[in-house]
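The next block holds one structure in the form of structure tokens; read it before the comments.
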Amino acid sequence: MRSNGTWRAGTAVGVITLAVTGVSLIGAGYGTSSVPPVVEASGSAGFAGAVARAPASAPVGLRIDAISVEAPVEDVDVDRDGTLVPPSLREASKVGWYQRGPTPGETGNAVIVGHVDTAGSGPAVFYRLGRLKPGDPVTVTRRDGSAVTFAVDSVRLYSKHEFPADLVYGPAVRPQLRLVTCGGTFDRATSTYSGNTVITATMVSWRS
């Protein structure tokens with residue numbers, strides 16, 4: 001994320017349903033506090049084969065009990081130079097769903113991004129994202145009144161130079177969720193973080 005609150009595009013990739021190219025998150029931030037370290041972990045929450053994909057419906061809320069997150073979701077998009085623009089820094093308690101991709105519960109990777117901190121208010125919505133563990137539930141409520149629950153598969157910190165664009169934006173055969181924020185160390189000279197925390201998760205239930 002840039003210091004102005006935008007996420008800079010990186011490697012060109014074939015992106016999910018609408019094949020938008022050039023979208024990546026490389027991380028820049030605000031460095032107002034010490035970000036909790038990512039405990040790198042991976043596991044297999046497993047995909048419940050009996051769980052059908054959900055019909056399309058935009059997300060409106062995100063709940064992650066393990067890190068005390070309950071946040072409204074707004075639609076976000078890329079600008080002309082391929083920069084994914086997250087929610088305003090003035091609304092750092094919100095998260096943003098990449099609206100050109102699948103909705104949470106559809107087949108493919110639904111991508112939700114959020115700030116880790118801000119210069120004005122300190123820790124933001126995804127401040128503790130790196131503390132998640134495989135198996136932790138993540139629930140997304142949707143505009144149609146339904147709720148989709150995912151189980152965390154992996155928690156990883158990636159260098160901004162090695163952002164896993166294919167993992168985050170590439171195709172998937174199951175309903176998947178990707179949560180992304182800034183991570184690593186903060187460089188005050190450049191006002192950037194060294195990397196990104198990326199959570200992968202698989203849908204385990206859908207309640208209409």
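Within each chain, counting starts at residue 1; across the structure tokens, chains are named A, B, ... in the order shown, with ligands numbered 1 upward in that order.
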Give me the residues near stretch 75-80 of chain A as a PyMOL selection string, where near means some atom within 7 Å (using only C-alpha atoms) and where sequence neighbours in that chain fewer than 6 positions away do not count.
chain A and resi 86+96-99
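Every protein, DNA or RNA residue with an atom at most 7 Å from A:Lys133, where only C-alpha atoms count and chain neighbours fewer than 4 positions away do not, is listed here: Ala41, Val152 and Val155 of chain A.
Distances here use only C-alpha atoms; by that measure, the residue among A:Val125, A:Ala119, A:Ala56, A:Val198 closest to A:Glu162 is A:Val198.
Distances here use only C-alpha atoms; by that measure, the residue among A:Leu89, A:Val35, A:Ala151, A:Val204 closest to A:Val138 is A:Ala151.
Here the question is which of A:Val180, A:Leu167, A:Thr149, A:Asp187 gets nearest to A:Asp136 using only C-alpha atoms, and that residue is A:Thr149.
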Excluding A:Pro55 and its own-chain neighbours fewer than 5 positions away, which residues fall within 9 Å of it when counting only C-alpha atoms? Please give them as a VMD selection string.
chain A and resid 103 105 to 106
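Going from atom CA of A:Tyr169 over to atom CA of A:Glu74, you cover 18.3 Å.
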Out of A:Ala110, A:Pro137, A:Val116, A:Gly195, which residue has the shortest atom-to-atom distance to A:Leu179 when counting only C-alpha atoms?
A:Ala110
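Between A:Val60 and the candidates A:Ser205, A:Thr118, A:Thr141, A:Thr192, the tightest atom-to-atom separation, counting only C-alpha atoms, involves A:Thr141.
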Please identify the strand (DSSP E) residues within stretch 39-109 of chain A (assignment by DSSP from backbone atoms) and present them as number ranges by chain.
A: 41-42, 59-64, 69-76, 95-98, 108-109
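Ranking A:Thr107, A:Thr197, A:Ser93, A:Thr185 by their shortest atom-to-atom distance to A:Glu70, with only C-alpha atoms included, puts A:Ser93 first.
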Rounded to one decimal in Å, what is the spacing between atom CA of A:Lys160 and atom CA of A:Met203?
27.0 Å
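Within stretch 122-196 of chain A, DSSP applied to the backbone places the following residues in alpha helix (DSSP H): Ala165, Asp166, Leu167, Val168 and Tyr169 of chain A.
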Okay, now the selection with C-alpha atoms, as a CSV table (one decimal), in the first residue's frame?
chain,number,residue,atom,x,y,z
A,165,ALA,CA,-0.3,-12.5,-7.6
A,166,ASP,CA,-1.4,-15.8,-9.0
A,167,LEU,CA,-2.3,-17.2,-5.6
A,168,VAL,CA,-4.3,-14.1,-4.8
A,169,TYR,CA,-5.9,-13.2,-8.1
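The environment of stretch 128-132 of chain A within 7 Å, counting only C-alpha atoms and disregarding residues fewer than 2 places along the same chain, consists of Pro36, Pro37, Val38, Val39, Ala66, Ile67, Phe126, Pro134, Asp136, Val155 and Thr197 of chain A.
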